[in-house]
file target.txt (compact mmCIF, C-alpha atoms and all ligand atoms)
# COMPACT_ATOMS: atom_id res chain seq x y z
CA MET A 1 0.00 0.00 0.00
CA ASN A 2 1.23 3.49 -0.88
CA THR A 3 0.52 5.21 2.40
CA PHE A 4 2.14 8.00 4.40
CA SER A 5 1.34 9.87 7.58
CA LEU A 6 -0.43 13.21 7.08
CA ASN A 7 -0.88 15.24 10.26
CA GLY A 8 -0.81 11.98 12.23
CA ARG A 9 -3.38 10.17 10.07
CA GLU A 10 -2.75 7.51 7.48
CA ALA A 11 -3.17 8.82 3.92
CA THR A 12 -2.76 7.30 0.47
CA PHE A 13 -0.75 8.62 -2.47
CA THR A 14 0.12 7.76 -6.05
CA PRO A 15 3.85 7.16 -6.69
CA GLY A 16 5.44 10.32 -8.09
CA GLN A 17 2.78 12.55 -6.55
CA SER A 18 3.88 15.70 -4.71
CA ILE A 19 3.06 16.18 -1.03
CA LEU A 20 0.82 19.07 -2.08
CA ASP A 21 -1.26 17.00 -4.52
CA ALA A 22 -1.47 14.01 -2.17
CA ALA A 23 -2.53 16.26 0.71
CA ARG A 24 -5.24 17.89 -1.43
CA GLU A 25 -6.50 14.49 -2.50
CA ASN A 26 -6.73 13.55 1.17
CA GLY A 27 -8.71 16.70 1.99
CA VAL A 28 -5.85 18.72 3.50
CA GLU A 29 -5.35 22.19 2.00
CA ILE A 30 -1.84 23.63 1.87
CA PRO A 31 -1.52 27.31 0.81
CA THR A 32 0.39 28.10 -2.39
CA LEU A 33 1.39 31.19 -4.31
CA CYS A 34 3.64 30.18 -7.18
CA PHE A 35 2.22 26.73 -7.91
CA LEU A 36 0.30 26.65 -11.19
CA LYS A 37 -1.88 23.58 -11.63
CA GLN A 38 -0.83 21.19 -14.42
CA ASN A 39 2.56 22.89 -14.73
CA ALA A 40 5.92 21.80 -13.36
CA PRO A 41 6.38 23.27 -9.85
CA THR A 42 9.00 26.00 -9.64
CA GLY A 43 9.32 26.07 -5.84
CA ALA A 44 9.73 29.85 -6.01
CA CYS A 45 7.59 31.23 -3.17
CA ARG A 46 8.10 28.76 -0.24
CA VAL A 47 4.60 29.38 1.08
CA CYS A 48 3.70 25.70 0.75
CA LEU A 49 6.35 24.62 3.29
CA VAL A 50 5.62 21.51 5.37
CA GLU A 51 7.51 19.61 8.05
CA VAL A 52 8.80 16.18 7.06
CA ALA A 53 10.10 13.93 9.88
CA GLY A 54 13.85 13.42 9.55
CA ALA A 55 14.36 16.24 7.03
CA ARG A 56 16.87 18.93 8.00
CA SER A 57 14.73 21.84 6.79
CA LEU A 58 11.10 22.44 5.93
CA MET A 59 10.21 21.18 2.46
CA ALA A 60 8.26 22.87 -0.35
CA SER A 61 5.28 20.54 -0.66
CA CYS A 62 4.60 21.46 -4.31
CA SER A 63 7.97 20.16 -5.47
CA THR A 64 8.66 17.32 -3.00
CA PRO A 65 7.39 13.84 -3.93
CA VAL A 66 5.73 11.72 -1.26
CA THR A 67 7.44 8.48 -0.32
CA ARG A 68 6.03 5.48 1.44
CA GLY A 69 5.96 5.91 5.23
CA MET A 70 6.82 9.62 5.08
CA GLU A 71 5.58 11.63 8.09
CA VAL A 72 4.27 15.04 7.08
CA LEU A 73 2.94 17.88 9.24
CA THR A 74 1.20 20.69 7.37
CA GLU A 75 0.04 22.88 10.26
CA SER A 76 2.73 22.68 12.98
CA ASP A 77 3.96 25.82 14.77
CA ARG A 78 7.24 25.57 12.87
CA VAL A 79 5.37 25.47 9.55
CA HIS A 80 3.14 28.41 10.53
CA GLY A 81 6.14 30.47 11.65
CA ALA A 82 7.97 29.83 8.38
CA ARG A 83 4.95 30.60 6.20
CA LYS A 84 4.28 33.77 8.17
CA LEU A 85 7.89 34.89 7.65
CA VAL A 86 7.63 34.22 3.90
CA VAL A 87 4.48 36.33 3.68
CA GLU A 88 6.06 39.10 5.79
CA LEU A 89 9.07 39.19 3.47
CA LEU A 90 6.86 39.27 0.37
CA LEU A 91 4.74 42.09 1.82
CA SER A 92 7.88 44.10 2.56
CA SER A 93 9.31 43.50 -0.89
CA GLY A 94 6.80 45.78 -2.57
CA HIS A 95 4.20 48.48 -2.28
CA HIS A 96 1.12 46.64 -1.00
CA ASP A 97 -1.50 49.32 -0.52
CA CYS A 98 -4.49 46.97 -0.34
CA LEU A 99 -7.04 49.75 0.25
CA VAL A 100 -6.73 51.06 -3.29
CA CYS A 101 -5.33 47.95 -5.00
CA GLU A 102 -7.42 46.52 -7.83
CA ALA A 103 -6.74 43.00 -6.48
CA ASN A 104 -8.24 43.72 -3.06
CA GLY A 105 -10.55 40.77 -2.36
CA ASN A 106 -8.93 38.65 -5.04
CA CYS A 107 -5.34 38.44 -3.80
CA ARG A 108 -3.65 35.37 -2.39
CA LEU A 109 -1.02 37.41 -0.57
CA GLN A 110 -3.73 39.38 1.18
CA ASP A 111 -5.52 36.12 2.08
CA LEU A 112 -2.31 34.72 3.55
CA ALA A 113 -1.58 37.89 5.52
CA TYR A 114 -5.05 37.51 7.05
CA ARG A 115 -4.61 33.78 7.62
CA TYR A 116 -1.31 34.23 9.46
CA GLY A 117 -2.44 37.32 11.40
CA ILE A 118 0.05 39.81 9.97
CA ARG A 119 -1.01 43.23 11.23
CA GLU A 120 2.04 45.34 10.42
CA LEU A 121 5.15 45.26 8.27
CA LYS A 122 7.95 43.54 10.16
CA PHE A 123 10.68 44.60 7.74
CA SER A 124 11.29 47.96 6.13
CA ARG A 125 9.77 48.26 2.71
CA SER A 126 12.01 47.82 -0.31
CA GLU A 127 12.44 50.77 -2.61
CA GLU A 128 10.41 50.71 -5.79
CA GLN A 129 12.62 49.74 -8.70
CA TYR A 130 10.30 50.19 -11.65
CA THR A 131 7.42 52.48 -12.52
CA VAL A 132 3.94 51.25 -13.39
CA GLU A 133 3.46 50.33 -17.07
CA ASP A 134 0.02 51.27 -18.36
CA GLN A 135 0.61 52.44 -21.94
CA ASN A 136 -1.38 49.64 -23.56
CA PRO A 137 -5.20 49.60 -23.57
CA PHE A 138 -5.66 46.30 -21.71
CA ILE A 139 -3.08 45.37 -19.07
CA VAL A 140 -1.52 47.35 -16.22
CA ARG A 141 1.81 46.08 -14.88
CA ASP A 142 2.58 47.30 -11.37
CA PHE A 143 6.04 45.94 -10.64
CA SER A 144 5.89 47.19 -7.06
CA LYS A 145 3.29 44.50 -6.31
CA CYS A 146 5.05 41.69 -8.16
CA ILE A 147 6.17 38.89 -5.84
CA LEU A 148 8.20 37.22 -8.62
CA CYS A 149 6.26 34.01 -8.31
CA GLY A 150 6.76 33.28 -12.01
CA ARG A 151 3.18 32.15 -12.67
CA CYS A 152 2.76 34.68 -15.50
CA VAL A 153 5.96 33.43 -17.13
CA GLN A 154 4.77 29.83 -16.95
CA ALA A 155 1.34 30.77 -18.25
CA CYS A 156 2.76 32.70 -21.19
CA ASN A 157 5.40 30.11 -22.09
CA GLU A 158 3.75 26.82 -21.18
CA ILE A 159 -0.02 27.36 -21.25
CA VAL A 160 -0.61 29.76 -24.13
CA VAL A 161 2.89 29.20 -25.60
CA ASN A 162 3.36 32.81 -26.67
CA ARG A 163 6.84 32.96 -25.13
CA ALA A 164 6.64 36.71 -24.65
CA ILE A 165 8.00 37.05 -21.10
CA SER A 166 10.66 35.65 -18.78
CA LEU A 167 12.31 36.48 -15.46
CA GLY A 168 15.12 38.99 -15.95
CA TYR A 169 17.84 40.87 -14.03
CA ARG A 170 19.08 39.79 -10.59
CA GLY A 171 18.56 40.47 -6.87
CA ALA A 172 16.55 43.58 -5.99
CA LYS A 173 16.41 44.46 -9.70
CA SER A 174 14.66 41.18 -10.59
CA LYS A 175 11.69 41.70 -12.86
CA VAL A 176 9.41 39.94 -15.32
CA VAL A 177 10.65 41.10 -18.72
CA THR A 178 9.63 40.88 -22.34
CA GLY A 179 12.27 40.42 -25.04
CA GLY A 180 14.55 43.48 -24.77
CA ASP A 181 12.61 44.55 -21.64
CA MET A 182 10.16 46.54 -23.78
CA PRO A 183 6.65 47.45 -22.62
CA TYR A 184 4.04 44.80 -23.47
CA HIS A 185 2.64 46.72 -26.45
CA GLU A 186 6.08 46.98 -28.10
CA SER A 187 6.95 43.33 -27.49
CA GLU A 188 5.96 39.87 -28.74
CA CYS A 189 2.98 39.98 -26.34
CA VAL A 190 -0.35 39.33 -28.07
CA MET A 191 -2.41 40.72 -25.16
CA CYS A 192 -4.19 37.44 -24.47
CA GLY A 193 -4.20 38.35 -20.77
CA GLN A 194 -3.42 34.83 -19.55
CA CYS A 195 -0.69 36.29 -17.35
CA VAL A 196 -3.26 38.58 -15.73
CA GLN A 197 -5.58 35.65 -15.05
CA VAL A 198 -2.90 33.67 -13.21
CA CYS A 199 -1.26 36.54 -11.30
CA PRO A 200 -2.06 35.86 -7.64
CA VAL A 201 -1.70 39.51 -6.60
CA GLY A 202 -2.33 42.97 -8.04
CA ALA A 203 0.82 43.14 -10.17
CA LEU A 204 -1.09 42.46 -13.39
CA THR A 205 -4.61 43.82 -13.68
CA GLU A 206 -7.20 44.55 -16.36
CA LYS A 207 -7.03 48.23 -17.26
CA LYS A 208 -10.66 48.53 -18.31
CA ALA A 209 -11.85 47.01 -15.02
CA ALA A 210 -10.13 49.66 -12.88
CA GLY A 211 -12.51 51.23 -10.41
CA LEU A 212 -15.58 49.36 -11.70
CA GLY A 213 -16.06 47.09 -8.71
CA ARG A 214 -14.44 44.86 -6.14
CA ALA A 215 -14.34 41.07 -6.55
CA TRP A 216 -17.05 40.59 -3.93
CA GLU A 217 -19.33 43.14 -5.59
CA THR A 218 -19.50 41.45 -8.98
CA GLU A 219 -21.71 38.58 -10.02
CA LYS A 220 -19.89 35.90 -12.06
CA ILE A 221 -21.98 34.75 -15.02
CA ARG A 222 -20.78 31.84 -17.13
CA THR A 223 -21.21 32.13 -20.87
CA THR A 224 -19.70 31.14 -24.22
CA CYS A 225 -17.42 33.58 -26.04
CA PRO A 226 -19.36 35.17 -28.92
CA TYR A 227 -16.34 35.70 -31.19
CA CYS A 228 -15.66 32.41 -32.95
CA GLY A 229 -16.64 28.79 -33.21
CA VAL A 230 -14.12 27.49 -30.63
CA GLY A 231 -16.69 28.13 -27.93
CA CYS A 232 -14.36 29.23 -25.13
CA GLN A 233 -16.04 29.32 -21.73
CA GLN A 234 -16.01 32.70 -20.04
CA LEU A 235 -17.02 34.26 -16.76
CA LEU A 236 -18.54 37.70 -17.14
CA HIS A 237 -17.90 39.75 -14.00
CA VAL A 238 -20.99 41.93 -13.80
CA ARG A 239 -21.85 44.78 -11.48
CA ASN A 240 -25.12 46.70 -11.73
CA GLY A 241 -25.82 45.11 -15.12
CA ARG A 242 -22.47 46.18 -16.59
CA ILE A 243 -19.57 43.88 -17.48
CA THR A 244 -16.50 44.93 -15.52
CA LYS A 245 -14.16 42.25 -16.89
CA VAL A 246 -14.04 38.81 -18.47
CA THR A 247 -12.04 35.78 -17.35
CA GLY A 248 -11.71 32.23 -18.71
CA VAL A 249 -13.33 29.29 -16.87
CA GLU A 250 -10.43 27.25 -15.47
CA GLU A 251 -12.13 23.87 -15.18
CA ALA A 252 -14.01 23.82 -18.49
CA GLU A 253 -13.46 22.52 -22.00
CA PRO A 254 -12.33 23.63 -24.50
CA ASN A 255 -10.17 26.50 -23.21
CA HIS A 256 -9.34 25.60 -19.58
CA GLY A 257 -9.14 29.27 -18.62
CA ARG A 258 -7.41 30.52 -21.75
CA LEU A 259 -8.94 33.33 -23.82
CA CYS A 260 -7.59 35.32 -26.75
CA VAL A 261 -7.42 39.11 -26.79
CA LYS A 262 -10.90 39.36 -28.33
CA GLY A 263 -12.61 37.06 -25.84
CA ARG A 264 -10.92 38.62 -22.82
CA PHE A 265 -10.85 42.31 -23.68
CA GLY A 266 -13.21 42.84 -26.64
CA TYR A 267 -16.50 43.03 -24.76
CA ASP A 268 -17.12 46.77 -24.66
CA PHE A 269 -18.56 46.86 -28.21
CA ILE A 270 -21.89 46.06 -26.58
CA TYR A 271 -21.84 49.51 -24.95
CA SER A 272 -20.82 51.34 -28.15
CA LYS A 273 -23.00 54.29 -29.11
CA GLU A 274 -22.27 53.42 -32.76
CA ARG A 275 -23.88 50.02 -32.45
CA LEU A 276 -26.73 49.42 -34.95
CA THR A 277 -29.98 48.89 -33.11
CA THR A 278 -32.39 48.94 -36.07
CA PRO A 279 -32.13 47.76 -39.71
CA LEU A 280 -30.92 50.39 -42.19
CA ILE A 281 -31.86 50.51 -45.87
CA ARG A 282 -29.57 52.30 -48.30
CA GLU A 283 -31.14 55.18 -50.13
CA GLY A 284 -28.87 57.08 -52.49
CA GLU A 285 -25.69 57.94 -50.59
CA GLY A 286 -27.22 57.44 -47.15
CA PHE A 287 -29.31 55.05 -45.06
CA ARG A 288 -32.77 55.24 -43.55
CA GLU A 289 -34.11 53.28 -40.61
CA ALA A 290 -36.54 50.47 -41.41
CA SER A 291 -38.53 47.76 -39.65
CA TRP A 292 -37.25 44.18 -39.66
CA ASP A 293 -40.20 43.10 -41.87
CA GLU A 294 -39.41 45.75 -44.47
CA ALA A 295 -35.68 45.02 -44.45
CA LEU A 296 -36.11 41.23 -44.68
CA ASP A 297 -38.70 41.51 -47.46
CA LEU A 298 -36.36 43.74 -49.42
CA VAL A 299 -33.40 41.35 -49.02
CA ALA A 300 -35.52 38.30 -49.94
CA ASP A 301 -36.99 40.01 -53.03
CA ARG A 302 -33.60 41.24 -54.26
CA LEU A 303 -31.94 37.84 -53.73
CA LYS A 304 -34.76 36.07 -55.65
CA GLU A 305 -34.57 38.66 -58.43
CA ILE A 306 -30.78 38.38 -58.84
CA ILE A 307 -30.80 34.55 -58.73
CA ALA A 308 -33.64 34.42 -61.31
CA LYS A 309 -31.76 36.73 -63.65
CA HIS A 310 -28.10 35.66 -63.18
CA GLY A 311 -28.18 32.20 -61.54
CA PRO A 312 -27.37 30.97 -57.98
CA ASP A 313 -23.64 31.71 -58.18
CA SER A 314 -24.35 35.39 -58.64
CA VAL A 315 -25.01 35.73 -54.90
CA ALA A 316 -22.74 35.11 -51.93
CA GLY A 317 -23.06 35.18 -48.15
CA VAL A 318 -20.68 36.02 -45.33
CA SER A 319 -21.98 34.91 -41.97
CA CYS A 320 -21.16 36.75 -38.78
CA ALA A 321 -18.76 35.12 -36.34
CA ARG A 322 -20.41 37.03 -33.51
CA SER A 323 -23.67 35.20 -34.02
CA ILE A 324 -24.22 31.78 -32.53
CA ASN A 325 -22.96 28.66 -34.34
CA GLU A 326 -26.53 27.57 -35.06
CA ASP A 327 -27.15 30.81 -36.99
CA SER A 328 -24.01 30.27 -39.07
CA TYR A 329 -25.11 26.70 -39.73
CA GLN A 330 -28.52 27.88 -40.90
CA MET A 331 -26.94 30.54 -43.08
CA GLN A 332 -24.89 27.96 -44.98
CA LYS A 333 -27.99 25.73 -45.28
CA LEU A 334 -29.88 28.68 -46.79
CA PHE A 335 -27.14 29.28 -49.37
CA ARG A 336 -26.35 25.64 -50.18
CA ALA A 337 -29.75 23.95 -49.93
CA VAL A 338 -32.10 26.78 -50.86
CA PHE A 339 -30.10 29.09 -53.16
CA LYS A 340 -27.99 26.16 -54.55
CA THR A 341 -24.63 27.91 -54.32
CA ASN A 342 -21.49 27.21 -52.31
CA ASN A 343 -20.66 30.92 -52.14
CA ILE A 344 -20.78 31.04 -48.35
CA ASP A 345 -18.07 32.04 -45.90
CA HIS A 346 -17.57 33.14 -42.34
CA CYS A 347 -15.83 36.26 -41.08
CA ALA A 348 -13.80 34.41 -38.41
CA ARG A 349 -11.60 33.15 -41.26
CA THR A 350 -10.37 36.68 -41.95
S1 LIG B 1 -1.36 42.86 -4.34
FE1 LIG B 1 -2.60 42.00 -2.69
S2 LIG B 1 -1.41 42.37 -0.85
FE2 LIG B 1 -0.62 43.70 -2.45
S3 LIG B 1 -1.75 45.60 -2.27
FE3 LIG B 1 -2.87 44.38 -3.73
S4 LIG B 1 -4.40 43.31 -2.52
FE4 LIG B 1 -2.86 44.05 -1.10
S1 LIG B 2 -0.79 38.92 -22.40
FE1 LIG B 2 -0.51 36.81 -23.17
S2 LIG B 2 1.18 37.00 -24.63
FE2 LIG B 2 1.22 38.85 -23.38
S3 LIG B 2 2.67 38.41 -21.74
FE3 LIG B 2 0.60 37.91 -20.98
S4 LIG B 2 0.36 35.71 -21.41
FE4 LIG B 2 2.09 36.43 -22.64
S1 LIG B 3 3.47 39.60 -12.37
FE1 LIG B 3 2.14 38.40 -11.02
S2 LIG B 3 2.26 36.31 -11.82
FE2 LIG B 3 3.97 37.43 -12.68
S3 LIG B 3 5.69 37.04 -11.33
FE3 LIG B 3 4.74 38.95 -10.66
S4 LIG B 3 3.26 38.35 -9.10
FE4 LIG B 3 3.82 36.47 -10.20
S1 LIG B 4 3.69 26.95 -3.97
FE1 LIG B 4 5.32 25.67 -3.44
S2 LIG B 4 7.02 26.95 -3.48
FE2 LIG B 4 5.39 28.24 -4.14

call {"tool": "encode", "arguments": {"input": "target.txt", "output": "structure tokens"}}
result
Amino acid sequence: MNTFSLNGREATFTPGQSILDAARENGVEIPTLCFLKQNAPTGACRVCLVEVAGARSLMASCSTPVTRGMEVLTESDRVHGARKLVVELLLSSGHHDCLVCEANGNCRLQDLAYRYGIRELKFSRSEEQYTVEDQNPFIVRDFSKCILCGRCVQACNEIVVNRAISLGYRGAKSKVVTGGDMPYHESECVMCGQCVQVCPVGALTEKKAAGLGRAWETEKIRTTCPYCGVGCQQLLHVRNGRITKVTGVEEAEPNHGRLCVKGRFGYDFIYSKERLTTPLIREGEGFREASWDEALDLVADRLKEIIAKHGPDSVAGVSCARSINEDSYQMQKLFRAVFKTNNIDHCART
């Protein structure tokens, strides 16, 4: 039997499994900061420390495999003291002004400070090394809140495989950098925002969401991305009927939390004053508003007229990627089965 002792109780594990995963499977939660599910552990933050009988020092549970008969304590005084020190050091390493931070209520460092009863900074605060980067329309990078956990780097390189960022410089100057340490918008970054989604603190935040509502004030509504046929699963964060931001659903097919720039940041078209709300019929150089009945009758009559005169291949259709898949399916049925032409395409291909 593959068993070990977990807080004095017998627990099972699968060979090769980390202490963290085995503990979670046995219903014991160990806090983490840098660990990114389904990615190789980096062991960067040391918040997941546990006590292993016979080991000289505390071990990072995310990167230490369980062995048969191992005796593990996850909540001893020694473990608590070490985790508290790690959190104190991280809090002192930056400018953590929770009151006005966009991550307030959605920050693992804040949660841990609460959990370990940290009421004041034990160490003097490090000087800020880099100014906030907010020149692009989507993502704000506040380096003073970065705890250098490396989750964004893993997400960019291993999850979305854009390879736009890495950890650069050394010591107090350490920083997440793009190629040539350029701002995001001048780099290889494609603004997919995956790094923002995995950042456990307020170092990476959605620019358009700033000031629109705290995590606990927004309702999370699951939906399917309207942009293309992949069908990525999204959470709309909604406050007072207005979308404040969009995130990917971590545990759902087909995207497992990933979204592209359109799905994550392209939602504000629904609030555009230029959005068409009624059909328009061209008259001369301009357009006039019309009812749906009038517009549809006109389109049907003109299509029938053109097909009768010039044949089915004289018409073509481009279906809208923002409509639902069923509408696109019906559109191609209309062109292929009714009009008898294969002149049908879909704007997502552009
Ligand atoms: S990143 Fe977290 S701990 Fe730091 S200021 Fe923001 S909410 Fe507070
Ligand atoms: S937005 Fe996407 S491409 Fe850009 S750094 Fe973040 S994860 Fe990488
Ligand atoms: S930006 Fe966020 S995810 Fe990236 S290293 Fe800093 S704290 Fe971690
Ligand atoms: S979660 Fe294990 S070292 Fe960060």

call {"tool": "residues_near_point", "arguments": {"input": "target.txt", "point": "(1.8, 42.2, -8.5)", "cutoff": "6 Å", "atoms": "only C-alpha atoms", "output": "PyMOL selection string"}}
result
chain A and resi 142+145-146+201-204

call {"tool": "write_last_selection", "arguments": {"input": "target.txt", "atoms": "C-alpha atoms", "output": "compact mmCIF listing (two decimals), in the coordinates of the input"}}
result
# COMPACT_ATOMS: atom_id res chain seq x y z
CA ASP A 142 2.58 47.30 -11.37
CA LYS A 145 3.29 44.50 -6.31
CA CYS A 146 5.05 41.69 -8.16
CA VAL A 201 -1.70 39.51 -6.60
CA GLY A 202 -2.33 42.97 -8.04
CA ALA A 203 0.82 43.14 -10.17
CA LEU A 204 -1.09 42.46 -13.39

call {"tool": "closest_residue", "arguments": {"input": "target.txt", "among": "A:Gly229, A:Gly286, A:Gly150, A:Gly266", "to": "ligand LIG 3 (chain B)", "atoms": "only C-alpha atoms and all ligand atoms"}}
result
A:Gly150

call {"tool": "atom_distance", "arguments": {"input": "target.txt", "atom1": "CA of Cys149 in chain A", "atom2": "CA of Arg119 in chain A"}}
result
22.8 Å

call {"tool": "residues_near_ligand", "arguments": {"input": "target.txt", "ligand": "ligand LIG 1 (chain B)", "cutoff": "7 Å", "atoms": "all atoms listed in the file", "output": "PyMOL selection string"}}
result
chain A and resi 91+95-98+101-110+145+201-203

call {"tool": "residues_around", "arguments": {"input": "target.txt", "residues": "Arg24 in chain A", "least_positions_apart": "2", "cutoff": "12 Å", "atoms": "all atoms listed in the file", "output": "PyMOL selection string"}}
result
chain A and resi 6+11-13+17-22+26-32+61-62+74

call {"tool": "residues_around", "arguments": {"input": "target.txt", "residues": "Ile139 in chain A", "least_positions_apart": "5", "cutoff": "9 Å", "atoms": "all atoms listed in the file", "output": "mmCIF file with C-alpha atoms, keeping the file's coordinate frame"}}
result
data_model
loop_
_atom_site.group_PDB
_atom_site.id
_atom_site.type_symbol
_atom_site.label_atom_id
_atom_site.label_comp_id
_atom_site.auth_asym_id
_atom_site.auth_seq_id
_atom_site.Cartn_x
_atom_site.Cartn_y
_atom_site.Cartn_z
ATOM 1 C CA GLU A 133 3.460 50.330 -17.070
ATOM 2 C CA ASP A 134 0.020 51.270 -18.360
ATOM 3 C CA TYR A 184 4.040 44.800 -23.470
ATOM 4 C CA MET A 191 -2.410 40.720 -25.160
ATOM 5 C CA GLY A 193 -4.200 38.350 -20.770
ATOM 6 C CA VAL A 196 -3.260 38.580 -15.730
ATOM 7 C CA LEU A 204 -1.090 42.460 -13.390
ATOM 8 C CA THR A 205 -4.610 43.820 -13.680
ATOM 9 C CA GLU A 206 -7.200 44.550 -16.360
ATOM 10 C CA LYS A 207 -7.030 48.230 -17.260
ATOM 11 C CA LYS A 208 -10.660 48.530 -18.310
#

call {"tool": "residues_near_ligand", "arguments": {"input": "target.txt", "ligand": "ligand LIG 2 (chain B)", "cutoff": "8 Å", "atoms": "all atoms listed in the file", "output": "list of chain:residue names"}}
result
A:Ile139, A:Cys152, A:Val153, A:Ala155, A:Cys156, A:Asn157, A:Val160, A:Val161, A:Asn162, A:Arg163, A:Ala164, A:Ile165, A:Thr178, A:Tyr184, A:Glu188, A:Cys189, A:Val190, A:Met191, A:Cys192, A:Gly193, A:Gln194, A:Cys195, A:Val196, A:Val261

call {"tool": "closest_atom_pairs", "arguments": {"input": "target.txt", "of": "chain A", "to": "ligand LIG 4 (chain B)", "cutoff": "6 Å", "atoms": "all atoms listed in the file", "output": "tab-separated table"}}
result
residue	atom	partner	partner_atom	distance
A:Thr32	CA	B:LIG4	S1	3.8
A:Leu33	CA	B:LIG4	S1	4.8
A:Cys34	CA	B:LIG4	FE2	4.0
A:Phe35	CA	B:LIG4	S1	4.2
A:Gly43	CA	B:LIG4	S2	3.4
A:Ala44	CA	B:LIG4	S2	4.7
A:Cys45	CA	B:LIG4	FE2	3.8
A:Arg46	CA	B:LIG4	S2	3.9
A:Val47	CA	B:LIG4	FE2	5.4
A:Cys48	CA	B:LIG4	FE1	4.5
A:Ala60	CA	B:LIG4	FE1	5.1
A:Ser61	CA	B:LIG4	FE1	5.8
A:Cys62	CA	B:LIG4	FE1	4.4

call {"tool": "write_last_selection", "arguments": {"input": "target.txt", "atoms": "C-alpha atoms", "output": "CSV table (one decimal), in the frame of the given file"}}
result
chain,number,residue,atom,x,y,z
A,32,THR,CA,0.4,28.1,-2.4
A,33,LEU,CA,1.4,31.2,-4.3
A,34,CYS,CA,3.6,30.2,-7.2
A,35,PHE,CA,2.2,26.7,-7.9
A,43,GLY,CA,9.3,26.1,-5.8
A,44,ALA,CA,9.7,29.8,-6.0
A,45,CYS,CA,7.6,31.2,-3.2
A,46,ARG,CA,8.1,28.8,-0.2
A,47,VAL,CA,4.6,29.4,1.1
A,48,CYS,CA,3.7,25.7,0.8
A,60,ALA,CA,8.3,22.9,-0.4
A,61,SER,CA,5.3,20.5,-0.7
A,62,CYS,CA,4.6,21.5,-4.3

call {"tool": "decode", "arguments": {"input": "target.txt", "residues": "range 149-164 of chain A", "atoms": "N, CA and C atoms", "output": "PDB file, in the first residue's frame"}}
result
ATOM      1  N   CYS A 149       6.633  35.417  -8.452  1.00  0.00           N
ATOM      2  CA  CYS A 149       6.262  34.006  -8.309  1.00  0.00           C
ATOM      3  C   CYS A 149       6.488  33.228  -9.599  1.00  0.00           C
ATOM      4  N   GLY A 150       6.496  33.923 -10.726  1.00  0.00           N
ATOM      5  CA  GLY A 150       6.765  33.275 -12.008  1.00  0.00           C
ATOM      6  C   GLY A 150       5.556  32.633 -12.669  1.00  0.00           C
ATOM      7  N   ARG A 151       4.375  32.775 -12.070  1.00  0.00           N
ATOM      8  CA  ARG A 151       3.182  32.147 -12.675  1.00  0.00           C
ATOM      9  C   ARG A 151       2.883  32.737 -14.056  1.00  0.00           C
ATOM     10  N   CYS A 152       3.043  34.051 -14.196  1.00  0.00           N
ATOM     11  CA  CYS A 152       2.755  34.677 -15.499  1.00  0.00           C
ATOM     12  C   CYS A 152       3.708  34.134 -16.562  1.00  0.00           C
ATOM     13  N   VAL A 153       4.952  33.919 -16.178  1.00  0.00           N
ATOM     14  CA  VAL A 153       5.955  33.429 -17.133  1.00  0.00           C
ATOM     15  C   VAL A 153       5.587  32.009 -17.575  1.00  0.00           C
ATOM     16  N   GLN A 154       5.197  31.198 -16.605  1.00  0.00           N
ATOM     17  CA  GLN A 154       4.773  29.831 -16.948  1.00  0.00           C
ATOM     18  C   GLN A 154       3.526  29.845 -17.822  1.00  0.00           C
ATOM     19  N   ALA A 155       2.583  30.717 -17.472  1.00  0.00           N
ATOM     20  CA  ALA A 155       1.337  30.770 -18.249  1.00  0.00           C
ATOM     21  C   ALA A 155       1.622  31.187 -19.680  1.00  0.00           C
ATOM     22  N   CYS A 156       2.458  32.192 -19.847  1.00  0.00           N
ATOM     23  CA  CYS A 156       2.758  32.700 -21.191  1.00  0.00           C
ATOM     24  C   CYS A 156       3.553  31.674 -22.004  1.00  0.00           C
ATOM     25  N   ASN A 157       4.522  31.026 -21.350  1.00  0.00           N
ATOM     26  CA  ASN A 157       5.401  30.109 -22.090  1.00  0.00           C
ATOM     27  C   ASN A 157       4.841  28.707 -22.217  1.00  0.00           C
ATOM     28  N   GLU A 158       4.150  28.234 -21.178  1.00  0.00           N
ATOM     29  CA  GLU A 158       3.748  26.820 -21.181  1.00  0.00           C
ATOM     30  C   GLU A 158       2.256  26.606 -21.425  1.00  0.00           C
ATOM     31  N   ILE A 159       1.419  27.564 -21.067  1.00  0.00           N
ATOM     32  CA  ILE A 159      -0.019  27.360 -21.251  1.00  0.00           C
ATOM     33  C   ILE A 159      -0.483  27.927 -22.595  1.00  0.00           C
ATOM     34  N   VAL A 160      -0.189  29.195 -22.836  1.00  0.00           N
ATOM     35  CA  VAL A 160      -0.613  29.763 -24.127  1.00  0.00           C
ATOM     36  C   VAL A 160       0.504  29.722 -25.165  1.00  0.00           C
ATOM     37  N   VAL A 161       1.709  29.374 -24.723  1.00  0.00           N
ATOM     38  CA  VAL A 161       2.890  29.200 -25.598  1.00  0.00           C
ATOM     39  C   VAL A 161       3.110  30.416 -26.512  1.00  0.00           C
ATOM     40  N   ASN A 162       3.027  31.590 -25.920  1.00  0.00           N
ATOM     41  CA  ASN A 162       3.356  32.805 -26.674  1.00  0.00           C
ATOM     42  C   ASN A 162       4.820  33.210 -26.465  1.00  0.00           C
ATOM     43  N   ARG A 163       5.427  32.719 -25.412  1.00  0.00           N
ATOM     44  CA  ARG A 163       6.840  32.964 -25.127  1.00  0.00           C
ATOM     45  C   ARG A 163       7.219  34.450 -25.200  1.00  0.00           C
ATOM     46  N   ALA A 164       6.395  35.271 -24.580  1.00  0.00           N
ATOM     47  CA  ALA A 164       6.637  36.712 -24.649  1.00  0.00           C
ATOM     48  C   ALA A 164       7.384  37.253 -23.432  1.00  0.00           C
TER      49      ALA A 164
END
